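Q: For reference, the file entry-v5.cif (mmCIF, C-alpha atoms) is included below:
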```cif
data_target
#
loop_
_atom_site.label_atom_id
_atom_site.label_comp_id
_atom_site.auth_asym_id
_atom_site.auth_seq_id
_atom_site.Cartn_x
_atom_site.Cartn_y
_atom_site.Cartn_z
CA MET A 1 36.39 57.83 44.66
CA ASN A 2 39.09 59.38 42.51
CA LYS A 3 42.33 57.64 43.48
CA GLU A 4 44.38 60.31 41.71
CA LYS A 5 43.10 63.03 44.01
CA TYR A 6 42.54 63.61 47.72
CA THR A 7 40.35 65.93 49.73
CA LEU A 8 41.32 68.19 52.60
CA ARG A 9 38.30 68.77 54.82
CA ILE A 10 39.23 71.80 56.93
CA TYR A 11 37.45 73.21 59.97
CA ARG A 12 37.67 76.94 59.30
CA GLY A 13 36.51 80.27 60.62
CA VAL A 14 36.84 82.50 63.66
CA PRO A 15 35.51 82.11 67.22
CA GLY A 16 31.74 81.80 67.10
CA ASN A 17 31.63 81.14 63.36
CA GLN A 18 33.34 77.91 62.34
CA TYR A 19 32.46 75.70 59.41
CA TRP A 20 33.81 72.82 57.30
CA GLU A 21 35.19 73.49 53.83
CA GLU A 22 36.63 70.94 51.43
CA PHE A 23 39.41 71.26 48.86
CA GLU A 24 40.36 68.68 46.24
CA LEU A 25 44.03 68.31 45.29
CA GLU A 26 46.16 66.16 43.02
CA ARG A 27 48.01 63.35 44.78
CA SER A 28 51.79 63.49 44.92
CA ALA A 29 54.26 61.11 46.54
CA SER A 30 56.10 63.97 48.25
CA ALA A 31 53.12 66.05 49.43
CA ASN A 32 52.58 66.82 53.09
CA VAL A 33 49.89 68.83 54.86
CA ILE A 34 51.88 72.07 54.64
CA SER A 35 52.53 71.77 50.89
CA SER A 36 48.83 71.00 50.44
CA LEU A 37 47.84 74.14 52.33
CA MET A 38 50.31 76.11 50.21
CA ALA A 39 48.64 74.75 47.06
CA ILE A 40 45.27 75.95 48.37
CA GLN A 41 46.80 79.34 49.20
CA THR A 42 48.01 79.64 45.59
CA ASN A 43 44.59 78.74 44.19
CA PRO A 44 41.85 79.10 46.86
CA ILE A 45 39.04 77.28 45.04
CA ASN A 46 37.02 74.86 47.13
CA LYS A 47 35.71 71.45 46.06
CA GLU A 48 32.47 73.02 44.85
CA GLY A 49 34.47 75.17 42.43
CA LYS A 50 33.81 78.38 44.35
CA ALA A 51 36.48 80.99 45.07
CA THR A 52 37.17 81.35 48.78
CA THR A 53 39.70 82.90 51.12
CA PRO A 54 43.09 81.18 51.63
CA VAL A 55 43.30 78.99 54.72
CA ALA A 56 45.17 80.55 57.66
CA TRP A 57 47.76 78.41 59.45
CA GLU A 58 51.18 78.78 61.08
CA GLN A 59 54.51 77.41 59.92
CA GLY A 60 58.18 78.05 60.51
CA CYS A 61 61.05 75.60 60.21
CA LEU A 62 59.22 72.93 58.15
CA GLU A 63 61.40 70.24 59.79
CA GLU A 64 59.60 69.56 63.08
CA VAL A 65 61.75 71.84 65.23
CA CYS A 66 59.78 75.07 65.81
CA GLY A 67 56.44 73.50 66.78
CA SER A 68 54.38 76.23 65.12
CA CYS A 69 52.41 74.10 62.64
CA SER A 70 50.52 72.12 65.31
CA MET A 71 47.01 71.07 64.33
CA LEU A 72 44.63 68.13 64.45
CA VAL A 73 45.17 65.80 61.48
CA ASN A 74 42.37 63.24 61.32
CA GLY A 75 41.73 64.07 64.97
CA ARG A 76 45.33 63.47 66.10
CA PRO A 77 47.48 66.33 67.44
CA ARG A 78 50.66 66.51 65.39
CA GLN A 79 52.97 68.64 63.29
CA ALA A 80 51.65 69.36 59.81
CA CYS A 81 55.14 69.61 58.27
CA THR A 82 55.89 65.92 58.88
CA ALA A 83 52.38 64.70 58.11
CA LEU A 84 52.85 63.06 54.70
CA ILE A 85 49.67 62.83 52.65
CA GLU A 86 50.30 59.31 51.34
CA ASP A 87 51.02 58.01 54.84
CA ILE A 88 47.82 59.57 56.19
CA ILE A 89 45.75 58.10 53.35
CA ASN A 90 47.25 54.66 53.92
CA GLU A 91 46.73 54.86 57.69
CA GLY A 92 43.10 55.92 57.41
CA CYS A 93 42.26 54.00 54.22
CA SER A 94 40.57 57.16 52.93
CA THR A 95 41.48 59.95 50.51
CA THR A 96 39.64 62.47 52.70
CA ILE A 97 41.82 64.05 55.38
CA THR A 98 40.41 66.30 58.08
CA LEU A 99 42.33 69.27 59.46
CA ALA A 100 41.20 71.22 62.51
CA PRO A 101 42.71 73.68 64.99
CA PHE A 102 43.68 72.66 68.51
CA THR A 103 40.79 72.90 70.96
CA LYS A 104 42.72 73.59 74.18
CA PHE A 105 43.96 77.01 73.07
CA PRO A 106 42.06 80.17 72.04
CA LEU A 107 41.20 80.15 68.35
CA VAL A 108 42.59 82.96 66.20
CA ARG A 109 41.40 81.92 62.76
CA ASP A 110 41.09 78.69 60.77
CA LEU A 111 43.99 76.47 61.91
CA CYS A 112 45.74 79.18 63.96
CA VAL A 113 45.50 79.17 67.76
CA ASP A 114 47.06 81.32 70.46
CA ARG A 115 49.51 79.26 72.55
CA THR A 116 50.46 82.17 74.81
CA LYS A 117 49.40 80.30 77.95
CA MET A 118 52.05 77.66 77.28
CA PHE A 119 54.77 80.29 77.13
CA GLU A 120 53.40 81.93 80.27
CA SER A 121 53.60 78.53 81.98
CA LEU A 122 57.28 78.29 81.04
CA LYS A 123 57.80 81.66 82.70
CA LYS A 124 56.04 80.39 85.81
CA VAL A 125 58.44 77.44 86.19
CA ARG A 126 61.46 79.62 85.28
CA ALA A 127 62.37 77.45 82.30
CA TRP A 128 65.77 79.00 81.78
CA VAL A 129 69.20 79.26 83.36
CA SER A 130 69.57 82.74 84.85
CA VAL A 131 72.55 84.85 83.82
CA ASP A 132 72.17 87.34 86.67
CA GLY A 133 74.03 86.29 89.78
CA THR A 134 76.36 83.84 88.05
CA TRP A 135 79.11 84.95 90.42
CA ASP A 136 77.21 83.02 93.10
CA THR A 137 76.82 79.90 90.98
CA THR A 138 80.22 79.64 89.29
CA LYS A 139 80.97 76.38 91.05
CA GLN A 140 77.68 74.91 89.85
CA PHE A 141 78.24 76.04 86.25
CA GLY A 142 81.68 74.44 86.36
CA GLN A 143 80.40 71.01 87.39
CA LYS A 144 80.89 68.26 84.85
CA VAL A 145 77.85 66.47 83.47
CA GLY A 146 78.23 62.79 82.64
CA PRO A 147 77.24 61.25 79.28
CA GLU A 148 74.11 59.58 80.67
CA VAL A 149 72.85 62.84 82.15
CA GLN A 150 73.73 64.71 78.95
CA GLU A 151 71.72 62.22 76.90
CA ALA A 152 68.70 62.53 79.17
CA LEU A 153 68.89 66.34 79.16
CA TYR A 154 69.16 66.44 75.37
CA VAL A 155 65.90 64.53 74.93
CA LEU A 156 64.14 66.91 77.34
CA SER A 157 65.63 69.93 75.54
CA THR A 158 63.98 68.98 72.23
CA CYS A 159 60.60 70.24 73.47
CA MET A 160 59.14 72.64 70.87
CA THR A 161 56.28 74.00 73.02
CA CYS A 162 54.07 72.74 70.19
CA GLY A 163 51.10 72.03 72.46
CA CYS A 164 50.43 68.46 71.32
CA CYS A 165 50.75 67.16 74.88
CA SER A 166 48.30 69.73 76.25
CA GLU A 167 45.84 69.09 73.43
CA SER A 168 45.79 65.36 74.25
CA CYS A 169 45.59 65.82 78.03
CA PRO A 170 42.09 65.48 79.53
CA GLN A 171 43.21 67.51 82.56
CA VAL A 172 43.96 70.55 80.40
CA ASN A 173 40.51 72.10 80.03
CA ASP A 174 38.40 75.12 80.93
CA HIS A 175 37.48 73.62 84.31
CA SER A 176 41.02 72.77 85.44
CA PRO A 177 43.98 75.06 86.15
CA PHE A 178 46.53 72.29 85.35
CA ILE A 179 49.66 73.81 83.81
CA GLY A 180 50.14 70.92 81.37
CA PRO A 181 52.87 68.30 80.80
CA ALA A 182 55.45 70.36 78.88
CA PRO A 183 56.22 72.97 81.59
CA VAL A 184 56.60 70.17 84.16
CA SER A 185 59.13 68.41 81.94
CA GLN A 186 60.99 71.66 81.31
CA ALA A 187 61.25 72.21 85.07
CA ARG A 188 62.94 68.80 85.25
CA LEU A 189 65.34 69.82 82.47
CA PHE A 190 66.50 73.03 84.13
CA ASN A 191 66.57 71.54 87.62
CA ALA A 192 69.08 68.98 86.33
CA HIS A 193 71.32 71.62 84.74
CA PRO A 194 74.34 72.52 86.94
CA GLY A 195 73.47 76.22 86.72
CA GLY A 196 69.72 75.80 86.70
CA GLU A 197 69.81 73.80 89.92
CA TYR A 198 70.36 77.11 91.72
CA GLU A 199 66.68 78.00 91.16
CA LYS A 200 65.29 74.51 91.66
CA PRO A 201 63.34 75.36 94.87
CA GLU A 202 61.53 78.20 93.09
CA ARG A 203 60.51 75.94 90.22
CA LEU A 204 59.25 73.26 92.58
CA ARG A 205 57.29 75.77 94.65
CA ALA A 206 55.64 77.04 91.45
CA LEU A 207 54.55 73.47 90.70
CA LEU A 208 53.10 73.14 94.20
CA ASP A 209 50.52 75.80 93.32
CA GLU A 210 46.93 74.98 92.35
CA ASP A 211 47.83 74.69 88.66
CA GLY A 212 50.89 72.51 89.29
CA ILE A 213 51.78 68.85 89.47
CA SER A 214 48.70 67.80 91.46
CA GLY A 215 46.53 68.48 88.42
CA CYS A 216 47.95 65.53 86.47
CA GLY A 217 45.51 62.63 86.20
CA ASN A 218 48.09 60.18 84.78
CA ALA A 219 46.20 59.65 81.51
CA GLN A 220 49.58 59.27 79.75
CA ASN A 221 48.21 60.59 76.45
CA CYS A 222 50.95 63.23 76.40
CA ALA A 223 53.81 60.77 75.94
CA LYS A 224 51.92 58.98 73.15
CA VAL A 225 51.47 62.08 70.97
CA CYS A 226 54.73 63.96 71.66
CA PRO A 227 56.46 64.46 68.28
CA LYS A 228 59.88 64.31 69.97
CA LYS A 229 59.11 61.20 72.06
CA ILE A 230 59.96 63.05 75.27
CA PRO A 231 59.31 60.85 78.34
CA LEU A 232 56.73 63.26 79.75
CA THR A 233 55.16 60.80 82.20
CA GLU A 234 58.62 60.02 83.56
CA SER A 235 59.25 63.74 84.06
CA ILE A 236 55.93 64.17 85.83
CA ALA A 237 56.68 61.26 88.16
CA LEU A 238 60.16 62.59 89.03
CA ILE A 239 58.93 66.14 89.55
CA GLY A 240 56.11 64.78 91.71
CA LYS A 241 58.67 63.27 94.09
CA GLU A 242 60.77 66.44 94.10
CA THR A 243 57.81 68.71 94.84
CA MET A 244 56.82 66.51 97.78
CA LYS A 245 60.35 66.76 99.19
CA GLN A 246 60.25 70.54 98.72
CA ALA A 247 56.87 70.77 100.46
CA ILE A 248 58.24 68.84 103.46
CA LYS A 249 61.34 71.05 103.61
CA ASP A 250 59.19 74.18 103.49
CA ALA A 251 56.86 72.83 106.19
CA LEU A 252 59.84 72.12 108.45
CA LYS A 253 61.44 75.46 107.50
CA LEU A 254 64.62 73.68 106.36
CA PRO A 255 67.14 75.59 104.20
CA ASP A 256 67.05 75.04 100.45
CA THR A 257 70.74 74.14 100.20
#
```
Please, can you express the file's structure as structure tokens?
A:
Amino acid sequence: MNKEKYTLRIYRGVPGNQYWEEFELERSASANVISSLMAIQTNPINKEGKATTPVAWEQGCLEEVCGSCSMLVNGRPRQACTALIEDIINEGCSTTITLAPFTKFPLVRDLCVDRTKMFESLKKVRAWVSVDGTWDTTKQFGQKVGPEVQEALYVLSTCMTCGCCSESCPQVNDHSPFIGPAPVSQARLFNAHPGGEYEKPERLRALLDEDGISGCGNAQNCAKVCPKKIPLTESIALIGKETMKQAIKDALKLPDT
């Protein structure tokens, strides 16, 4: 084993034609997975010395804010931009690091996947504060929010829609319609907002559907892998109570306000 070098073993290809390919790189104290992929892009020669195509991946902010560089690093869902090579080597006691695309989203190519269904899920739970009709909600927008609530909302607002929680969730699969942890937590965020509370019943009703809160199996993997340490299981528990209250109100035909 050459201690001055490390190997990236990458699961590459397109749907129906995936394969492993290895690349050997010089070790550097400041290298991370993204800089390593950039080095391969500059000189796409694999470990066997054969010229190959550059590896395809996504990146954006490079500071763990955009969520675009999600991938499996040694089997763990995480952000490639904050995955330092030396840390990974020390954690795994090996100079070979495996990179693979997420498995819970449609593969595009190499390490790129299509996370459209996550964004569609955010639409389903109306993960926004509507501008239209603000004349009806002026009083709600004007409500003061205390420091404790602000702190809780800030943590929830750091969600990047990176997909790590869905990738780690056993209930997110081809046989289950479960919407995933992130949209549930975002429903909690906007329900707690003074203006977003106006549409709270609609969000809760969306999560009462077949793909909603009932699909959670309480594996708690999501909270363990979230790059932002968002209390996803806490959000799921709180939304579970709120959806039950909404279901009772709807059954009794009680008004939303």
Q: How far is it from atom CA of Tyr6 of chain A to atom CA of Gln59 of chain A, in Å with one decimal?
A: 22.0 Å
Q: Please expand the PyMOL selection byres ((chain A and resi 184) around 10) into the concrete residues it hits in this file, giving the result as JSON, numbers by chain.
A: {"A": [121, 122, 125, 127, 179, 180, 181, 182, 183, 185, 186, 187, 188, 189, 203, 204, 207, 212, 213, 232, 233, 235, 236, 237, 238, 239, 240]}
Q: Using only C-alpha atoms, which residue out of A:Gln220, A:Ser157, A:Gln18, A:Ser168 lies closest to Ala100 of chain A?
A: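 Using only C-alpha atoms, Ala100 of chain A sits closest to A:Gln18.
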Q: Could you write out as a PyMOL selection string the residues that the PyMOL selection byres ((chain A and resi 53) around 10) matches in the shown file?
A: chain A and resi 40-41+43-46+51-52+54-56
Q: I need the residues from that last selection saved to file as a PDB file, in the frame of the given file (with C-alpha atoms), if you can.
A:
```
ATOM      1  CA  ILE A  40      45.270  75.950  48.370  1.00  0.00           C
ATOM      2  CA  GLN A  41      46.800  79.340  49.200  1.00  0.00           C
ATOM      3  CA  ASN A  43      44.590  78.740  44.190  1.00  0.00           C
ATOM      4  CA  PRO A  44      41.850  79.100  46.860  1.00  0.00           C
ATOM      5  CA  ILE A  45      39.040  77.280  45.040  1.00  0.00           C
ATOM      6  CA  ASN A  46      37.020  74.860  47.130  1.00  0.00           C
ATOM      7  CA  ALA A  51      36.480  80.990  45.070  1.00  0.00           C
ATOM      8  CA  THR A  52      37.170  81.350  48.780  1.00  0.00           C
ATOM      9  CA  PRO A  54      43.090  81.180  51.630  1.00  0.00           C
ATOM     10  CA  VAL A  55      43.300  78.990  54.720  1.00  0.00           C
ATOM     11  CA  ALA A  56      45.170  80.550  57.660  1.00  0.00           C
TER      12      ALA A  56
END
```
Q: Could you tell me which residues the PyMOL selection byres ((chain A and resi 81) around 10) grabs in this file, written as a ChimeraX atom specification?
A: /A:31-35,59-65,67-70,78-80,82-84
Q: Atom CA of Val113 of chain A to atom CA of Tyr19 of chain A: how many Å, to one decimal?
A: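 So the answer is 15.9 Å.
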Q: Could you state the separation of atom CA of Asp87 of chain A and atom CA of Thr103 of chain A in Å, given to one decimal place?
A: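 For atom CA of Asp87 of chain A relative to atom CA of Thr103 of chain A, the distance reads 24.2 Å.
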Q: Looking at all atoms listed in the file, which of A:Lys123, A:Lys253, A:Lys104, A:Lys228 is the one that sits closest to Val155 of chain A?
A: A:Lys228
Q: With 6 Å as the threshold, what does the neighbourhood of (43.8, 56.5, 49.8) contain in terms of residues, counting only C-alpha atoms? Coordinates are those of the file; answer as a PDB file with C-alpha atoms, keeping the file's coordinate frame.
A:
```
ATOM      1  CA  ILE A  89      45.750  58.100  53.350  1.00  0.00           C
ATOM      2  CA  ASN A  90      47.250  54.660  53.920  1.00  0.00           C
ATOM      3  CA  CYS A  93      42.260  54.000  54.220  1.00  0.00           C
ATOM      4  CA  SER A  94      40.570  57.160  52.930  1.00  0.00           C
ATOM      5  CA  THR A  95      41.480  59.950  50.510  1.00  0.00           C
TER       6      THR A  95
END
```
Q: Looking at A:Val225, A:Ser36, A:Arg205, A:Phe102, which one is nearest to Ile248 of chain A, with distances taken over all atoms listed in the file?
A: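 Ranking A:Val225, A:Ser36, A:Arg205, A:Phe102 by distance to Ile248 of chain A, first place goes to A:Arg205.
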Q: Choose the residue, out of A:Pro201, A:Glu58, A:Met118, A:Asn17, that has the smallest atom-to-atom separation from Asp250 of chain A; count only C-alpha atoms.
A: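 Selected residue with least distance to Asp250 of chain A: A:Pro201.
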Q: Nearest to Thr243 of chain A among A:Cys169, A:Val145, A:Leu208, A:Val108, with distances taken over all atoms listed in the file: which residue is it?
A: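 For Thr243 of chain A, the nearest of the candidates is A:Leu208.
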Q: Point out the residue among A:Cys216, A:Ala39, A:Ala251, A:Cys159 with the least atom-to-atom distance to Ser176 of chain A, counting all atoms listed in the file.
A: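 Answer, going by the shortest atom-to-atom distance: A:Cys216.
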Q: I want to know what sits within 10 Å of Gly75 of chain A, based on all atoms listed in the file, with residues of the same chain fewer than 4 positions away left out; could you give that as a count of residues only?
A: 7
Q: When you get a chance, write out N, CA and C atoms for segment 147-183 of chain A, as a short mmCIF file (atom, residue, chain, number, x, y, z; two decimals), keeping the file's coordinate frame.
A:
```
data_model
loop_
_atom_site.label_atom_id
_atom_site.label_comp_id
_atom_site.auth_asym_id
_atom_site.auth_seq_id
_atom_site.Cartn_x
_atom_site.Cartn_y
_atom_site.Cartn_z
N PRO A 147 77.90 61.59 80.55
CA PRO A 147 77.24 61.25 79.28
C PRO A 147 75.78 60.82 79.44
N GLU A 148 75.47 60.05 80.48
CA GLU A 148 74.11 59.58 80.67
C GLU A 148 73.17 60.75 80.98
N VAL A 149 73.65 61.66 81.82
CA VAL A 149 72.85 62.84 82.15
C VAL A 149 72.69 63.73 80.92
N GLN A 150 73.78 63.90 80.17
CA GLN A 150 73.73 64.71 78.95
C GLN A 150 72.69 64.16 77.97
N GLU A 151 72.66 62.85 77.82
CA GLU A 151 71.72 62.22 76.90
C GLU A 151 70.29 62.45 77.34
N ALA A 152 70.05 62.32 78.63
CA ALA A 152 68.70 62.53 79.17
C ALA A 152 68.27 63.99 79.00
N LEU A 153 69.20 64.92 79.28
CA LEU A 153 68.89 66.34 79.16
C LEU A 153 68.63 66.73 77.71
N TYR A 154 69.36 66.11 76.79
CA TYR A 154 69.16 66.44 75.37
C TYR A 154 67.75 66.11 74.93
N VAL A 155 67.26 64.93 75.31
CA VAL A 155 65.90 64.53 74.93
C VAL A 155 64.89 65.54 75.47
N LEU A 156 65.06 65.94 76.73
CA LEU A 156 64.14 66.91 77.34
C LEU A 156 64.21 68.26 76.63
N SER A 157 65.42 68.62 76.16
CA SER A 157 65.63 69.93 75.54
C SER A 157 65.01 70.04 74.15
N THR A 158 64.56 68.93 73.58
CA THR A 158 63.98 68.98 72.23
C THR A 158 62.53 69.45 72.23
N CYS A 159 61.98 69.74 73.39
CA CYS A 159 60.60 70.24 73.47
C CYS A 159 60.44 71.49 72.62
N MET A 160 59.39 71.52 71.79
CA MET A 160 59.14 72.64 70.87
C MET A 160 58.03 73.57 71.37
N THR A 161 57.45 73.27 72.53
CA THR A 161 56.28 74.00 73.02
C THR A 161 55.20 74.00 71.93
N CYS A 162 55.03 72.85 71.29
CA CYS A 162 54.07 72.74 70.19
C CYS A 162 52.64 72.64 70.68
N GLY A 163 52.44 72.13 71.90
CA GLY A 163 51.10 72.03 72.46
C GLY A 163 50.41 70.70 72.24
N CYS A 164 51.07 69.76 71.56
CA CYS A 164 50.43 68.46 71.32
C CYS A 164 50.09 67.75 72.63
N CYS A 165 50.99 67.84 73.61
CA CYS A 165 50.75 67.16 74.88
C CYS A 165 49.54 67.76 75.61
N SER A 166 49.43 69.08 75.60
CA SER A 166 48.30 69.73 76.25
C SER A 166 46.99 69.42 75.54
N GLU A 167 47.04 69.38 74.21
CA GLU A 167 45.84 69.09 73.43
C GLU A 167 45.31 67.69 73.74
N SER A 168 46.20 66.74 74.00
CA SER A 168 45.79 65.36 74.25
C SER A 168 45.45 65.09 75.71
N CYS A 169 45.76 66.04 76.60
CA CYS A 169 45.59 65.82 78.03
C CYS A 169 44.18 66.15 78.49
N PRO A 170 43.45 65.20 79.07
CA PRO A 170 42.09 65.48 79.53
C PRO A 170 42.04 66.46 80.70
N GLN A 171 43.18 66.59 81.42
CA GLN A 171 43.21 67.51 82.56
C GLN A 171 43.44 68.96 82.15
N VAL A 172 43.83 69.19 80.90
CA VAL A 172 43.96 70.55 80.40
C VAL A 172 42.62 70.92 79.77
N ASN A 173 41.84 71.71 80.50
CA ASN A 173 40.51 72.10 80.03
C ASN A 173 40.06 73.37 80.74
N ASP A 174 38.90 73.86 80.37
CA ASP A 174 38.40 75.12 80.93
C ASP A 174 38.04 75.02 82.41
N HIS A 175 37.90 73.81 82.93
CA HIS A 175 37.48 73.62 84.31
C HIS A 175 38.65 73.25 85.23
N SER A 176 39.84 73.16 84.66
CA SER A 176 41.02 72.77 85.44
C SER A 176 42.15 73.77 85.23
N PRO A 177 42.87 74.13 86.29
CA PRO A 177 43.98 75.06 86.15
C PRO A 177 45.31 74.38 85.79
N PHE A 178 45.30 73.04 85.57
CA PHE A 178 46.53 72.29 85.35
C PHE A 178 47.42 72.95 84.30
N ILE A 179 48.69 73.10 84.64
CA ILE A 179 49.66 73.81 83.81
C ILE A 179 50.03 73.05 82.54
N GLY A 180 49.83 71.73 82.55
CA GLY A 180 50.14 70.92 81.37
C GLY A 180 51.46 70.18 81.50
N PRO A 181 51.68 69.15 80.69
CA PRO A 181 52.87 68.30 80.80
C PRO A 181 54.18 68.98 80.43
N ALA A 182 54.19 69.79 79.37
CA ALA A 182 55.45 70.36 78.88
C ALA A 182 56.18 71.22 79.91
N PRO A 183 55.52 72.16 80.59
CA PRO A 183 56.22 72.97 81.59
C PRO A 183 56.80 72.12 82.74
#
```
